[in-house]
Amino acid sequence: MSIVVYACVWPVLLNTISAVGNADPTLVRLARSMDLSTPRLFQKVILPSSVPAIFTGIRLAGAVSILVLVAAEMIGAKAGLGYLINASQYNFAIPQMYAGIITISAVGVAFNQLLVTIERRLSTWRVPA
C-alpha cells in the first residue's frame, strides 16, 4: 500500500504546486486591491483557478495507482488481478488472463470517468471543451 501511495503523491503534489503558482496574477492583484484576506483570496481566486490542474494530477495518480497496484500484485501477492494474470500466464490459461486484463481496463476507465464527473461538478464555471 505504501508503494501505491508513494507513486500517487508526486503527480498530485507537482500539479498542485504548478497550478497554485500559475494562478492568474491579474486576478490575484484585483482581489488584493479589494482587500480580500489571504484565506478568502485562496478560496475565491486561487483554488477555483487551480481545480483543473489539480484534477489532472489526481487523474494521473489514479492511472498510476492501478498500474502500480497490479505490478505489486504480480510480484508479491497471492490474490488479486495482478496475481490472476501472472498465474494464468504461467498455466497457459489464456481466457482467464485476458479476463483479468479486461477487468483491469474496465476498472481504470470507470475510475477515470468518476474523476471526470467529479471535476465537472467542482468546476462548473468552466466552459466545456
# chains A, B, ... in the order shown; residues from 1 in each chain; ligands from 1
>>> residues_around(residues="range 46-54 of chain A", least_positions_apart="5", cutoff="6 Å", atoms="only C-alpha atoms", output="list in words")
Asn15, Thr16, Ala19, Val20 and Ala23 of chain A
>>> residues_around(residues="Ser65 in chain A", least_positions_apart="2", cutoff="9 Å", atoms="only C-alpha atoms", output="VMD selection string")
chain A and resid 4 to 5 7 to 8 60 to 63 67 to 70
>>> write_last_selection(atoms="N, CA and C atoms", output="PDB file, in the first residue's frame")
ATOM      1  N   VAL A   4       2.024   2.225  -3.496  1.00  0.00           N
ATOM      2  CA  VAL A   4       0.979   2.880  -4.278  1.00  0.00           C
ATOM      3  C   VAL A   4       0.832   4.337  -3.843  1.00  0.00           C
ATOM      4  N   VAL A   5       0.822   4.578  -2.543  1.00  0.00           N
ATOM      5  CA  VAL A   5       0.707   5.952  -2.036  1.00  0.00           C
ATOM      6  C   VAL A   5       1.894   6.784  -2.492  1.00  0.00           C
ATOM      7  N   ALA A   7       3.774   6.367  -5.108  1.00  0.00           N
ATOM      8  CA  ALA A   7       3.699   6.616  -6.545  1.00  0.00           C
ATOM      9  C   ALA A   7       2.639   7.657  -6.890  1.00  0.00           C
ATOM     10  N   CYS A   8       1.594   7.765  -6.069  1.00  0.00           N
ATOM     11  CA  CYS A   8       0.489   8.671  -6.375  1.00  0.00           C
ATOM     12  C   CYS A   8       0.680  10.078  -5.824  1.00  0.00           C
ATOM     13  N   LEU A  60      -4.021  11.468 -13.208  1.00  0.00           N
ATOM     14  CA  LEU A  60      -2.755  10.780 -13.457  1.00  0.00           C
ATOM     15  C   LEU A  60      -2.421   9.827 -12.315  1.00  0.00           C
ATOM     16  N   ALA A  61      -2.647  10.286 -11.087  1.00  0.00           N
ATOM     17  CA  ALA A  61      -2.384   9.440  -9.923  1.00  0.00           C
ATOM     18  C   ALA A  61      -3.308   8.229  -9.905  1.00  0.00           C
ATOM     19  N   GLY A  62      -4.533   8.388 -10.358  1.00  0.00           N
ATOM     20  CA  GLY A  62      -5.448   7.255 -10.444  1.00  0.00           C
ATOM     21  C   GLY A  62      -4.945   6.189 -11.402  1.00  0.00           C
ATOM     22  N   ALA A  63      -4.457   6.627 -12.554  1.00  0.00           N
ATOM     23  CA  ALA A  63      -3.908   5.670 -13.519  1.00  0.00           C
ATOM     24  C   ALA A  63      -2.653   5.005 -12.968  1.00  0.00           C
ATOM     25  N   LEU A  67      -1.843   0.885 -12.084  1.00  0.00           N
ATOM     26  CA  LEU A  67      -0.680   0.200 -12.653  1.00  0.00           C
ATOM     27  C   LEU A  67       0.256  -0.326 -11.572  1.00  0.00           C
ATOM     28  N   VAL A  68       0.533   0.493 -10.568  1.00  0.00           N
ATOM     29  CA  VAL A  68       1.446   0.076  -9.504  1.00  0.00           C
ATOM     30  C   VAL A  68       0.814  -1.035  -8.668  1.00  0.00           C
ATOM     31  N   LEU A  69      -0.480  -0.959  -8.425  1.00  0.00           N
ATOM     32  CA  LEU A  69      -1.161  -1.999  -7.663  1.00  0.00           C
ATOM     33  C   LEU A  69      -1.087  -3.345  -8.375  1.00  0.00           C
ATOM     34  N   VAL A  70      -1.351  -3.341  -9.662  1.00  0.00           N
ATOM     35  CA  VAL A  70      -1.298  -4.594 -10.417  1.00  0.00           C
ATOM     36  C   VAL A  70       0.133  -5.129 -10.459  1.00  0.00           C
TER      37      VAL A  70
END
>>> atom_distance(atom1="CA of Pro25 in chain A", atom2="CA of Val12 in chain A")
22.5 Å
>>> residues_around(residues="Ala31 in chain A", least_positions_apart="6", cutoff="9 Å", atoms="only C-alpha atoms", output="number ranges by chain")
A: 37, 41, 44-45
>>> write_last_selection(atoms="C-alpha atoms", output="PDB file, in the first residue's frame")
ATOM      1  CA  SER A  37      -7.875  38.392   3.229  1.00  0.00           C
ATOM      2  CA  LEU A  41      -8.129  35.065  -1.734  1.00  0.00           C
ATOM      3  CA  LYS A  44     -12.265  32.681  -4.169  1.00  0.00           C
ATOM      4  CA  VAL A  45      -9.424  33.106  -6.682  1.00  0.00           C
TER       5      VAL A  45
END
>>> residues_around(residues="range 84-91 of chain A", least_positions_apart="5", cutoff="12 Å", atoms="only C-alpha atoms", output="PyMOL selection string")
chain A and resi 70-79+96-104
>>> write_last_selection(atoms="C-alpha atoms", output="tab-separated table (two decimals), in the first residue's frame")
chain	number	residue	atom	x	y	z
A	70	VAL	CA	-1.30	-4.59	-10.42
A	71	ALA	CA	2.51	-4.68	-10.67
A	72	ALA	CA	2.80	-5.16	-6.90
A	73	GLU	CA	0.24	-7.98	-7.03
A	74	MET	CA	2.21	-9.63	-9.83
A	75	ILE	CA	5.39	-9.56	-7.79
A	76	GLY	CA	4.39	-10.38	-4.25
A	77	ALA	CA	0.75	-11.26	-3.75
A	78	LYS	CA	-1.26	-14.46	-3.53
A	79	ALA	CA	-4.51	-12.86	-4.66
A	96	GLN	CA	-8.57	-16.12	-17.58
A	97	MET	CA	-5.53	-13.96	-18.33
A	98	TYR	CA	-7.47	-11.82	-20.81
A	99	ALA	CA	-10.42	-11.65	-18.43
A	100	GLY	CA	-8.10	-10.15	-15.81
A	101	ILE	CA	-6.65	-7.68	-18.32
A	102	ILE	CA	-10.11	-6.59	-19.50
A	103	THR	CA	-11.28	-6.25	-15.88
A	104	ILE	CA	-8.32	-4.02	-15.03
>>> atom_distance(atom1="CA of Tyr6 in chain A", atom2="CA of Leu122 in chain A")
25.8 Å
>>> select_by_dssp(residues="chain A", states="alpha helix (DSSP H)", output="ChimeraX atom specification")
/A:2-21,25-33,38-41,47-76,81-90,94-122
>>> atom_distance(atom1="CA of Phe92 in chain A", atom2="CA of Ala110 in chain A")
28.6 Å
>>> closest_residue(among="A:Leu13, A:Met1, A:Ala93, A:Leu27", to="Ile58 in chain A", atoms="only C-alpha atoms")
A:Leu13
>>> closest_residue(among="A:Gly82, A:Gly57, A:Gly21, A:Pro95", to="Val9 in chain A", atoms="only C-alpha atoms")
A:Gly57
